[in-house]
>>> print(open('work29.cif').read())   # mmCIF, C-alpha atoms
data_final
#
loop_
_atom_site.group_PDB
_atom_site.id
_atom_site.type_symbol
_atom_site.label_atom_id
_atom_site.label_comp_id
_atom_site.auth_asym_id
_atom_site.auth_seq_id
_atom_site.Cartn_x
_atom_site.Cartn_y
_atom_site.Cartn_z
ATOM 1 C CA MET A 1 123.083 97.725 132.553
ATOM 2 C CA ASN A 2 121.230 97.523 129.300
ATOM 3 C CA GLY A 3 117.583 97.541 130.256
ATOM 4 C CA TRP A 4 115.953 98.144 126.907
ATOM 5 C CA PRO A 5 117.755 96.740 123.837
ATOM 6 C CA ALA A 6 115.542 98.422 121.237
ATOM 7 C CA LEU A 7 115.932 101.822 122.926
ATOM 8 C CA ASP A 8 119.668 101.204 123.225
ATOM 9 C CA ARG A 9 119.974 100.468 119.484
ATOM 10 C CA PHE A 10 117.826 103.477 118.574
ATOM 11 C CA LEU A 11 119.945 105.893 120.607
ATOM 12 C CA ARG A 12 123.302 104.643 119.326
ATOM 13 C CA THR A 13 124.870 106.995 116.779
ATOM 14 C CA ASP A 14 127.669 106.218 114.356
ATOM 15 C CA PRO A 15 130.207 109.021 113.819
ATOM 16 C CA ARG A 16 130.706 107.812 110.226
ATOM 17 C CA ASP A 17 127.038 108.614 109.451
ATOM 18 C CA VAL A 18 127.084 111.276 106.699
ATOM 19 C CA GLY A 19 123.431 112.330 107.043
ATOM 20 C CA CYS A 20 120.574 112.233 104.554
ATOM 21 C CA ALA A 21 121.750 114.794 101.998
ATOM 22 C CA GLU A 22 125.227 113.328 101.540
ATOM 23 C CA ALA A 23 123.924 109.770 101.463
ATOM 24 C CA MET A 24 121.102 110.418 99.003
ATOM 25 C CA GLU A 25 122.956 112.570 96.477
ATOM 26 C CA PRO A 26 125.107 109.639 95.198
ATOM 27 C CA LEU A 27 122.499 106.934 95.973
ATOM 28 C CA HIS A 28 122.294 105.931 92.276
ATOM 29 C CA VAL A 29 126.043 105.245 92.256
ATOM 30 C CA TYR A 30 125.860 103.281 95.511
ATOM 31 C CA VAL A 31 122.912 101.208 94.271
ATOM 32 C CA ASP A 32 124.584 100.341 90.963
ATOM 33 C CA LEU A 33 127.601 99.147 92.932
ATOM 34 C CA VAL A 34 125.409 96.984 95.170
ATOM 35 C CA ALA A 35 123.494 95.593 92.166
ATOM 36 C CA ALA A 36 126.778 94.785 90.423
ATOM 37 C CA GLY A 37 127.967 92.903 93.519
ATOM 38 C CA GLY A 38 130.616 95.529 94.228
ATOM 39 C CA SER A 39 131.913 96.552 97.617
ATOM 40 C CA ALA A 40 129.636 99.552 98.010
ATOM 41 C CA ALA A 41 129.686 99.527 101.813
ATOM 42 C CA ARG A 42 133.480 99.350 101.946
ATOM 43 C CA ARG A 43 133.874 102.145 99.414
ATOM 44 C CA HIS A 44 131.222 104.318 101.039
ATOM 45 C CA PRO A 45 131.185 103.535 104.788
ATOM 46 C CA GLY A 46 129.467 106.840 105.585
ATOM 47 C CA ILE A 47 126.514 105.926 103.373
ATOM 48 C CA GLU A 48 126.357 102.421 104.822
ATOM 49 C CA ALA A 49 126.327 103.860 108.366
ATOM 50 C CA HIS A 50 123.576 106.274 107.425
ATOM 51 C CA LEU A 51 121.377 103.640 105.779
ATOM 52 C CA ALA A 52 121.669 101.503 108.920
ATOM 53 C CA ALA A 53 120.250 104.330 111.044
ATOM 54 C CA CYS A 54 117.840 106.307 108.853
ATOM 55 C CA GLY A 55 114.559 104.574 108.058
ATOM 56 C CA PRO A 56 113.404 106.894 105.243
ATOM 57 C CA CYS A 57 116.759 106.810 103.437
ATOM 58 C CA ALA A 58 116.973 103.024 103.851
ATOM 59 C CA GLU A 59 113.484 102.814 102.329
ATOM 60 C CA ASP A 60 114.641 104.856 99.322
ATOM 61 C CA PHE A 61 117.727 102.662 99.002
ATOM 62 C CA HIS A 62 115.655 99.461 99.013
ATOM 63 C CA GLY A 63 113.179 100.992 96.549
ATOM 64 C CA LEU A 64 115.895 102.022 94.129
ATOM 65 C CA LEU A 65 117.686 98.688 94.405
ATOM 66 C CA ALA A 66 114.389 96.854 93.764
ATOM 67 C CA ALA A 67 113.763 99.010 90.663
ATOM 68 C CA VAL A 68 117.233 98.250 89.306
ATOM 69 C CA ARG A 69 116.871 94.523 89.962
ATOM 70 C CA ARG A 70 113.442 94.412 88.332
ATOM 71 C CA ALA A 71 114.922 95.955 85.194
ATOM 72 C CA GLU A 72 117.844 93.506 84.992
ATOM 73 C CA MET B 1 126.840 116.139 80.776
ATOM 74 C CA ALA B 2 128.870 117.331 83.773
ATOM 75 C CA PRO B 3 132.359 115.867 84.327
ATOM 76 C CA ALA B 4 132.610 112.902 86.716
ATOM 77 C CA ASP B 5 133.093 113.827 90.366
ATOM 78 C CA PRO B 6 136.306 112.109 91.531
ATOM 79 C CA ALA B 7 134.902 111.945 95.071
ATOM 80 C CA VAL B 8 132.119 109.636 93.915
ATOM 81 C CA GLU B 9 133.517 106.354 92.687
ATOM 82 C CA GLY B 10 130.913 104.595 90.579
ATOM 83 C CA ILE B 11 130.776 101.527 88.414
ATOM 84 C CA PHE B 12 131.841 103.562 85.375
ATOM 85 C CA PRO B 13 134.578 105.659 87.041
ATOM 86 C CA SER B 14 136.673 106.313 83.954
ATOM 87 C CA ALA B 15 134.954 104.801 80.933
ATOM 88 C CA GLY B 16 132.043 107.277 80.853
ATOM 89 C CA PRO B 17 128.421 106.343 80.287
ATOM 90 C CA ASP B 18 127.490 102.879 78.991
ATOM 91 C CA PRO B 19 125.902 102.627 75.505
ATOM 92 C CA ASP B 20 122.339 102.509 76.862
ATOM 93 C CA SER B 21 122.925 105.656 78.930
ATOM 94 C CA GLU B 22 124.492 107.380 75.890
ATOM 95 C CA GLN B 23 121.334 106.568 73.960
ATOM 96 C CA TRP B 24 119.140 108.116 76.669
ATOM 97 C CA ILE B 25 121.287 111.264 76.732
ATOM 98 C CA ARG B 26 121.143 111.605 72.951
ATOM 99 C CA ALA B 27 117.382 111.134 72.881
ATOM 100 C CA LEU B 28 116.668 113.614 75.666
ATOM 101 C CA SER B 29 119.176 116.197 74.502
ATOM 102 C CA GLY B 30 117.836 116.160 70.953
ATOM 103 C CA THR B 31 115.046 118.202 69.456
ATOM 104 C CA GLY B 32 111.668 117.644 67.826
ATOM 105 C CA ALA B 33 110.249 114.177 67.416
ATOM 106 C CA GLN B 34 113.358 112.419 68.785
ATOM 107 C CA ARG B 35 113.138 114.342 72.064
ATOM 108 C CA GLU B 36 109.367 113.890 72.314
ATOM 109 C CA ALA B 37 109.772 110.146 71.853
ATOM 110 C CA GLY B 38 112.544 110.083 74.473
ATOM 111 C CA LEU B 39 110.409 111.987 76.967
ATOM 112 C CA ALA B 40 107.443 109.677 76.377
ATOM 113 C CA ARG B 41 109.655 106.617 76.920
ATOM 114 C CA LEU B 42 111.157 108.150 80.040
ATOM 115 C CA HIS B 43 107.717 108.970 81.467
ATOM 116 C CA GLU B 44 106.549 105.419 80.805
ATOM 117 C CA MET B 45 109.609 104.060 82.631
ATOM 118 C CA LEU B 46 109.178 106.456 85.587
ATOM 119 C CA LEU B 47 105.509 105.560 85.915
ATOM 120 C CA ARG B 48 106.386 101.855 85.973
ATOM 121 C CA VAL B 49 108.968 102.482 88.712
ATOM 122 C CA ALA B 50 106.672 104.766 90.743
ATOM 123 C CA ARG B 51 103.802 102.268 90.598
ATOM 124 C CA ALA B 52 106.030 99.390 91.659
ATOM 125 C CA GLU B 53 107.495 101.467 94.475
ATOM 126 C CA MET B 54 104.027 102.488 95.703
ATOM 127 C CA ARG B 55 102.981 98.844 95.697
ATOM 128 C CA ARG B 56 106.200 97.842 97.497
ATOM 129 C CA ARG B 57 105.425 100.319 100.293
ATOM 130 C CA ALA B 58 101.657 99.809 100.299
ATOM 131 C CA SER B 59 101.662 97.361 103.191
ATOM 132 C CA GLN B 60 103.090 100.060 105.495
ATOM 133 C CA LEU B 61 100.656 102.718 104.274
ATOM 134 C CA GLN B 62 96.965 103.398 104.566
ATOM 135 C CA ILE B 63 96.766 103.981 100.822
ATOM 136 C CA ALA B 64 95.184 101.658 98.291
ATOM 137 C CA GLY B 65 93.477 101.429 94.921
ATOM 138 C CA SER B 66 93.071 104.591 92.884
ATOM 139 C CA ASP B 67 94.783 106.746 95.549
ATOM 140 C CA LEU B 68 97.893 104.634 95.125
ATOM 141 C CA ASP B 69 97.796 105.005 91.352
ATOM 142 C CA ASP B 70 97.122 108.780 91.564
ATOM 143 C CA LEU B 71 100.183 109.223 93.763
ATOM 144 C CA ALA B 72 102.268 107.122 91.363
ATOM 145 C CA TYR B 73 101.155 109.317 88.435
ATOM 146 C CA GLN B 74 102.014 112.496 90.362
ATOM 147 C CA ALA B 75 105.396 111.070 91.384
ATOM 148 C CA ALA B 76 106.238 110.083 87.793
ATOM 149 C CA ALA B 77 105.206 113.488 86.422
ATOM 150 C CA ASP B 78 107.266 115.394 89.022
ATOM 151 C CA ALA B 79 110.230 113.063 88.532
ATOM 152 C CA LEU B 80 110.113 113.719 84.783
ATOM 153 C CA LEU B 81 110.192 117.493 85.344
ATOM 154 C CA ALA B 82 113.095 117.156 87.790
ATOM 155 C CA ILE B 83 115.098 114.977 85.392
ATOM 156 C CA VAL B 84 114.593 117.373 82.474
ATOM 157 C CA ALA B 85 115.736 120.263 84.674
ATOM 158 C CA LYS B 86 118.799 118.342 85.926
ATOM 159 C CA MET B 87 119.920 116.482 82.790
ATOM 160 C CA GLY B 88 123.145 118.483 82.831
ATOM 161 C CA GLU B 89 124.001 117.059 86.262
ATOM 162 C CA PHE B 90 124.150 113.433 85.091
ATOM 163 C CA ARG B 91 127.834 112.537 85.194
ATOM 164 C CA GLY B 92 127.771 108.953 83.949
ATOM 165 C CA GLU B 93 128.830 107.532 87.329
ATOM 166 C CA SER B 94 125.890 105.120 87.235
ATOM 167 C CA ARG B 95 123.538 103.862 84.571
ATOM 168 C CA PHE B 96 121.276 106.658 83.339
ATOM 169 C CA THR B 97 118.250 104.555 84.227
ATOM 170 C CA THR B 98 119.402 104.164 87.866
ATOM 171 C CA TRP B 99 119.936 107.931 88.090
ATOM 172 C CA ALA B 100 116.437 108.489 86.643
ATOM 173 C CA TYR B 101 114.783 105.854 88.870
ATOM 174 C CA LYS B 102 116.179 107.717 91.880
ATOM 175 C CA PHE B 103 113.992 110.735 91.070
ATOM 176 C CA ALA B 104 110.901 108.522 90.882
ATOM 177 C CA VAL B 105 111.698 106.840 94.209
ATOM 178 C CA PHE B 106 112.342 110.202 95.911
ATOM 179 C CA GLU B 107 109.081 111.592 94.532
ATOM 180 C CA VAL B 108 107.213 108.553 95.862
ATOM 181 C CA SER B 109 108.670 109.281 99.321
ATOM 182 C CA ALA B 110 107.617 112.922 99.066
ATOM 183 C CA LYS B 111 104.059 112.031 98.006
ATOM 184 C CA ILE B 112 103.719 109.521 100.849
ATOM 185 C CA GLY B 113 104.942 112.152 103.335
ATOM 186 C CA ARG B 114 102.268 114.591 102.140
ATOM 187 C CA HIS B 115 99.591 111.920 102.096
ATOM 188 C CA PHE B 116 100.236 111.179 105.803
ATOM 189 C CA TRP B 117 98.601 114.467 106.817
ATOM 190 C CA ARG B 118 95.331 113.584 105.087
ATOM 191 C CA ASN B 119 94.475 111.697 108.270
ATOM 192 C CA PRO B 120 93.036 114.417 110.552
ATOM 193 C CA ALA B 121 93.409 112.207 113.655
ATOM 194 C CA VAL B 122 97.189 112.444 113.585
ATOM 195 C CA ARG B 123 98.740 114.523 116.378
ATOM 196 C CA TRP B 124 102.446 115.193 116.275
ATOM 197 C CA ASP B 125 102.743 117.286 119.441
ATOM 198 C CA ALA B 126 100.921 115.054 121.941
ATOM 199 C CA GLU B 127 102.900 114.245 125.101
ATOM 200 C CA ASP B 128 101.706 110.818 126.091
ATOM 201 C CA TRP B 129 104.730 109.230 127.752
ATOM 202 C CA ASP B 130 102.828 106.000 128.285
ATOM 203 C CA GLN B 131 103.387 105.397 124.555
ATOM 204 C CA LEU B 132 107.133 105.022 125.061
ATOM 205 C CA PRO B 133 107.175 101.310 126.029
ATOM 206 C CA ASP B 134 105.080 100.515 122.919
ATOM 207 C CA ARG B 135 107.662 102.212 120.714
ATOM 208 C CA PHE B 136 110.543 100.090 121.927
ATOM 209 C CA GLY B 137 108.988 96.689 122.395
ATOM 210 C CA PRO B 138 108.063 94.688 125.450
ATOM 211 C CA GLU B 139 111.435 94.665 127.266
ATOM 212 C CA PRO B 140 112.256 95.122 130.058
ATOM 213 C CA ALA B 141 109.833 92.514 131.342
ATOM 214 C CA ALA B 142 109.130 93.931 134.790
ATOM 215 C CA GLU B 143 106.574 96.755 134.867
ATOM 216 C CA ALA B 144 108.497 98.624 137.595
ATOM 217 C CA GLU B 145 111.724 98.494 135.597
ATOM 218 C CA ARG B 146 109.927 99.606 132.430
ATOM 219 C CA ARG B 147 108.354 102.521 134.283
ATOM 220 C CA ASP B 148 111.698 103.502 135.835
ATOM 221 C CA LEU B 149 113.448 103.554 132.452
ATOM 222 C CA ALA B 150 110.584 105.420 130.760
ATOM 223 C CA ASP B 151 110.771 108.042 133.539
ATOM 224 C CA ALA B 152 114.544 108.291 133.029
ATOM 225 C CA VAL B 153 114.055 108.910 129.293
ATOM 226 C CA HIS B 154 111.373 111.517 130.032
ATOM 227 C CA HIS B 155 113.682 113.262 132.488
ATOM 228 C CA ALA B 156 116.638 113.174 130.059
ATOM 229 C CA VAL B 157 114.462 114.641 127.297
ATOM 230 C CA ASP B 158 113.340 117.501 129.547
ATOM 231 C CA GLU B 159 116.805 118.060 130.977
ATOM 232 C CA HIS B 160 119.157 117.700 128.020
ATOM 233 C CA LEU B 161 117.357 118.451 124.749
ATOM 234 C CA THR B 162 116.849 121.853 123.150
ATOM 235 C CA PRO B 163 113.208 122.839 122.485
ATOM 236 C CA ARG B 164 113.630 121.884 118.806
ATOM 237 C CA GLN B 165 115.213 118.516 119.623
ATOM 238 C CA ARG B 166 112.428 117.848 122.122
ATOM 239 C CA GLN B 167 109.765 118.744 119.560
ATOM 240 C CA VAL B 168 111.267 116.386 116.971
ATOM 241 C CA PHE B 169 111.779 113.565 119.501
ATOM 242 C CA MET B 170 108.166 113.808 120.695
ATOM 243 C CA ALA B 171 106.769 113.769 117.168
ATOM 244 C CA ILE B 172 108.867 110.897 115.824
ATOM 245 C CA VAL B 173 109.295 108.685 118.882
ATOM 246 C CA LEU B 174 106.173 109.204 120.977
ATOM 247 C CA ASN B 175 103.692 110.011 118.232
ATOM 248 C CA GLY B 176 105.142 107.857 115.460
ATOM 249 C CA VAL B 177 105.120 110.610 112.829
ATOM 250 C CA PRO B 178 107.251 109.609 109.809
ATOM 251 C CA LEU B 179 110.332 111.763 109.426
ATOM 252 C CA ASP B 180 109.384 113.005 105.931
ATOM 253 C CA ALA B 181 105.892 113.957 107.092
ATOM 254 C CA LEU B 182 107.314 115.867 110.065
ATOM 255 C CA ALA B 183 109.777 117.708 107.806
ATOM 256 C CA LEU B 184 106.826 118.881 105.690
ATOM 257 C CA GLU B 185 104.793 119.942 108.726
ATOM 258 C CA LEU B 186 107.693 121.946 110.153
ATOM 259 C CA GLY B 187 108.718 123.450 106.786
ATOM 260 C CA SER B 188 112.059 121.691 107.097
ATOM 261 C CA THR B 189 113.966 118.961 105.246
ATOM 262 C CA ARG B 190 114.605 115.273 105.873
ATOM 263 C CA ASN B 191 118.293 116.063 106.338
ATOM 264 C CA ALA B 192 117.702 118.795 108.930
ATOM 265 C CA ILE B 193 115.202 116.739 110.936
ATOM 266 C CA TYR B 194 117.523 113.714 110.860
ATOM 267 C CA LYS B 195 120.427 115.858 112.081
ATOM 268 C CA THR B 196 118.272 117.241 114.923
ATOM 269 C CA MET B 197 117.254 113.703 115.873
ATOM 270 C CA PHE B 198 120.839 112.436 115.557
ATOM 271 C CA ASP B 199 122.047 115.045 118.068
ATOM 272 C CA ALA B 200 119.101 114.281 120.367
ATOM 273 C CA ARG B 201 119.856 110.535 120.269
ATOM 274 C CA ARG B 202 123.509 111.160 121.125
ATOM 275 C CA LYS B 203 122.607 113.415 124.077
ATOM 276 C CA LEU B 204 119.957 111.059 125.442
ATOM 277 C CA ARG B 205 122.224 108.044 125.190
ATOM 278 C CA ALA B 206 125.009 109.849 127.041
ATOM 279 C CA ALA B 207 122.594 110.949 129.787
ATOM 280 C CA LEU B 208 121.081 107.475 130.216
ATOM 281 C CA ALA B 209 124.512 105.807 130.191
ATOM 282 C CA ALA B 210 125.829 108.303 132.753
ATOM 283 C CA ASN B 211 122.973 107.316 135.071
ATOM 284 C CA GLY B 212 123.527 103.590 134.541
ATOM 285 C CA TYR B 213 120.423 102.934 132.461
ATOM 286 C CA LEU B 214 122.336 101.959 129.301
ATOM 287 C CA ASP B 215 125.787 100.545 128.647
ATOM 288 C CA ASP B 216 128.567 102.926 127.817
ATOM 289 C CA GLU B 217 128.690 103.721 124.048
ATOM 290 C CA THR B 218 132.107 102.085 123.687
ATOM 291 C CA SER B 219 130.932 98.688 124.932
ATOM 292 C CA GLY B 220 128.888 96.236 122.922
ATOM 293 C CA HIS B 221 128.741 98.434 119.827
ATOM 294 C CA SER B 222 126.380 96.765 117.362
#
>>> encode(input="work29.cif", output="structure tokens")
Amino acid sequence: MNGWPALDRFLRTDPRDVGCAEAMEPLHVYVDLVAAGGSAARRHPGIEAHLAACGPCAEDFHGLLAAVRRAE
Amino acid sequence: MAPADPAVEGIFPSAGPDPDSEQWIRALSGTGAQREAGLARLHEMLLRVARAEMRRRASQLQIAGSDLDDLAYQAAADALLAIVAKMGEFRGESRFTTWAYKFAVFEVSAKIGRHFWRNPAVRWDAEDWDQLPDRFGPEPAAEAERRDLADAVHHAVDEHLTPRQRQVFMAIVLNGVPLDALALELGSTRNAIYKTMFDARRKLRAALAANGYLDDETSGHS
């Protein structure tokens, strides 16, 4: 049974998720890779997993990526 | 500049900083007028980034006009101080500007988290379980099924979570408190609150799956 898809997605956890501190410390490196079209998610699967689950860190990621793209 | 960390593979893994980053490092590591000019340029850049980031998030926030600009100024000023204090930690694994922008973006997040508590109507410890269906959308369609599942979640929270996990779950899920704002209120960090919530999510999912309310974790992984 899967009675509530949004609740189901929210409660799923990914064991690769490295948490906020480990994902945010190298965020500048990750973002430069993404902006350069590199394989950031493949190189850093723990960061990718975290950004998929953590709203505040995903917001910081999108903000930093937007800043880099505006400057290009 | 600190040596590159081999565990963090960037876009400049072996070549060192790019020419533009070298220029920033020289300007900010210098003395006198050169350093002052570098700091002024850096502040201008951070303010531009902080303002744009505030505007980007404005639609989700109850902040506008001069409040928005004040927060951007504060974020840029604090980011500048942080960068000056941490210049020695820049390892050239990214562009200098990306590294510097990160401080501005983080400071914007911190300012927004603090600003959240300026609304005196916000309660983070209310226990209104009727809010739960609103948090997860309209499904399931049948009222009885929705009520049954909400009761199951309530029971799993009471039965399986530690007091701290319960407190964090109630604040974030039922009361919609942003994670950064809750971390401030509890004198904690984003990382610690996320970890508490991560463990709570895992426990709740296991309990609900064991009772047939959700699929087993191994099936239909999204």
>>> resolve_selection(input="work29.cif", expression="the PyMOL selection byres ((chain B) within 7 of (chain A))", output="ChimeraX atom specification")
/B:10-11,49,53,93-94,98-99,101-102,105-106,136-137,139-140,190-191,195,198,201-202,205,212-215
>>> atom_distance(input="work29.cif", atom1="CA of Ala210 in chain B", atom2="CA of Arg146 in chain B")
18.1 Å
>>> atom_distance(input="work29.cif", atom1="CA of Ala75 in chain B", atom2="CA of Ala110 in chain B")
8.2 Å
>>> resolve_selection(input="work29.cif", expression="the PyMOL selection byres ((chain B and resi 23) around 12)", output="short mmCIF file (atom, residue, chain, number, x, y, z; two decimals) with C-alpha atoms, in the coordinates of the input")
data_model
loop_
_atom_site.label_atom_id
_atom_site.label_comp_id
_atom_site.auth_asym_id
_atom_site.auth_seq_id
_atom_site.Cartn_x
_atom_site.Cartn_y
_atom_site.Cartn_z
CA PRO B 17 128.42 106.34 80.29
CA ASP B 18 127.49 102.88 78.99
CA PRO B 19 125.90 102.63 75.50
CA ASP B 20 122.34 102.51 76.86
CA SER B 21 122.92 105.66 78.93
CA GLU B 22 124.49 107.38 75.89
CA TRP B 24 119.14 108.12 76.67
CA ILE B 25 121.29 111.26 76.73
CA ARG B 26 121.14 111.60 72.95
CA ALA B 27 117.38 111.13 72.88
CA LEU B 28 116.67 113.61 75.67
CA SER B 29 119.18 116.20 74.50
CA GLY B 30 117.84 116.16 70.95
CA GLN B 34 113.36 112.42 68.78
CA ARG B 35 113.14 114.34 72.06
CA GLY B 38 112.54 110.08 74.47
CA LEU B 42 111.16 108.15 80.04
CA ARG B 95 123.54 103.86 84.57
CA PHE B 96 121.28 106.66 83.34
CA THR B 97 118.25 104.56 84.23
#
>>> atom_distance(input="work29.cif", atom1="CA of Ala77 in chain B", atom2="CA of Arg69 in chain A")
22.5 Å
>>> closest_residue(input="work29.cif", among="A:Arg42, A:Ala58, A:Ala35, A:Arg16", to="Glu72 in chain A", atoms="all atoms listed in the file")
A:Ala35
>>> closest_residue(input="work29.cif", among="B:Asp130, B:Glu145, B:Asp67, B:Glu44", to="Ala100 in chain B", atoms="only C-alpha atoms")
B:Glu44
>>> resolve_selection(input="work29.cif", expression="the PyMOL selection byres ((chain B and resi 172-186) around 8)", output="ChimeraX atom specification")
/A:56 /B:109-110,112-114,116-117,123-129,131-132,135,168-171,187-190,193-194
>>> decode(input="work29.cif", residues="range 113-133 of chain B", atoms="C-alpha atoms", output="short mmCIF file (atom, residue, chain, number, x, y, z; two decimals), in the first residue's frame")
data_model
loop_
_atom_site.label_atom_id
_atom_site.label_comp_id
_atom_site.auth_asym_id
_atom_site.auth_seq_id
_atom_site.Cartn_x
_atom_site.Cartn_y
_atom_site.Cartn_z
CA GLY B 113 16.13 32.32 9.30
CA ARG B 114 16.42 35.10 11.88
CA HIS B 115 13.84 37.24 10.13
CA PHE B 116 11.27 34.40 10.39
CA TRP B 117 10.92 34.97 14.14
CA ARG B 118 9.91 38.61 13.69
CA ASN B 119 6.40 37.28 13.14
CA PRO B 120 5.03 36.90 16.69
CA ALA B 121 2.15 34.68 15.50
CA VAL B 122 4.47 31.80 14.69
CA ARG B 123 4.21 28.79 17.02
CA TRP B 124 6.69 25.98 16.62
CA ASP B 125 5.44 23.71 19.41
CA ALA B 126 1.71 23.57 18.59
CA GLU B 127 0.28 20.05 18.27
CA ASP B 128 -2.48 20.40 15.74
CA TRP B 129 -2.56 17.03 13.98
CA ASP B 130 -5.33 18.22 11.69
CA GLN B 131 -2.59 20.17 9.87
CA LEU B 132 -0.94 16.96 8.68
CA PRO B 133 -3.09 16.37 5.56
#
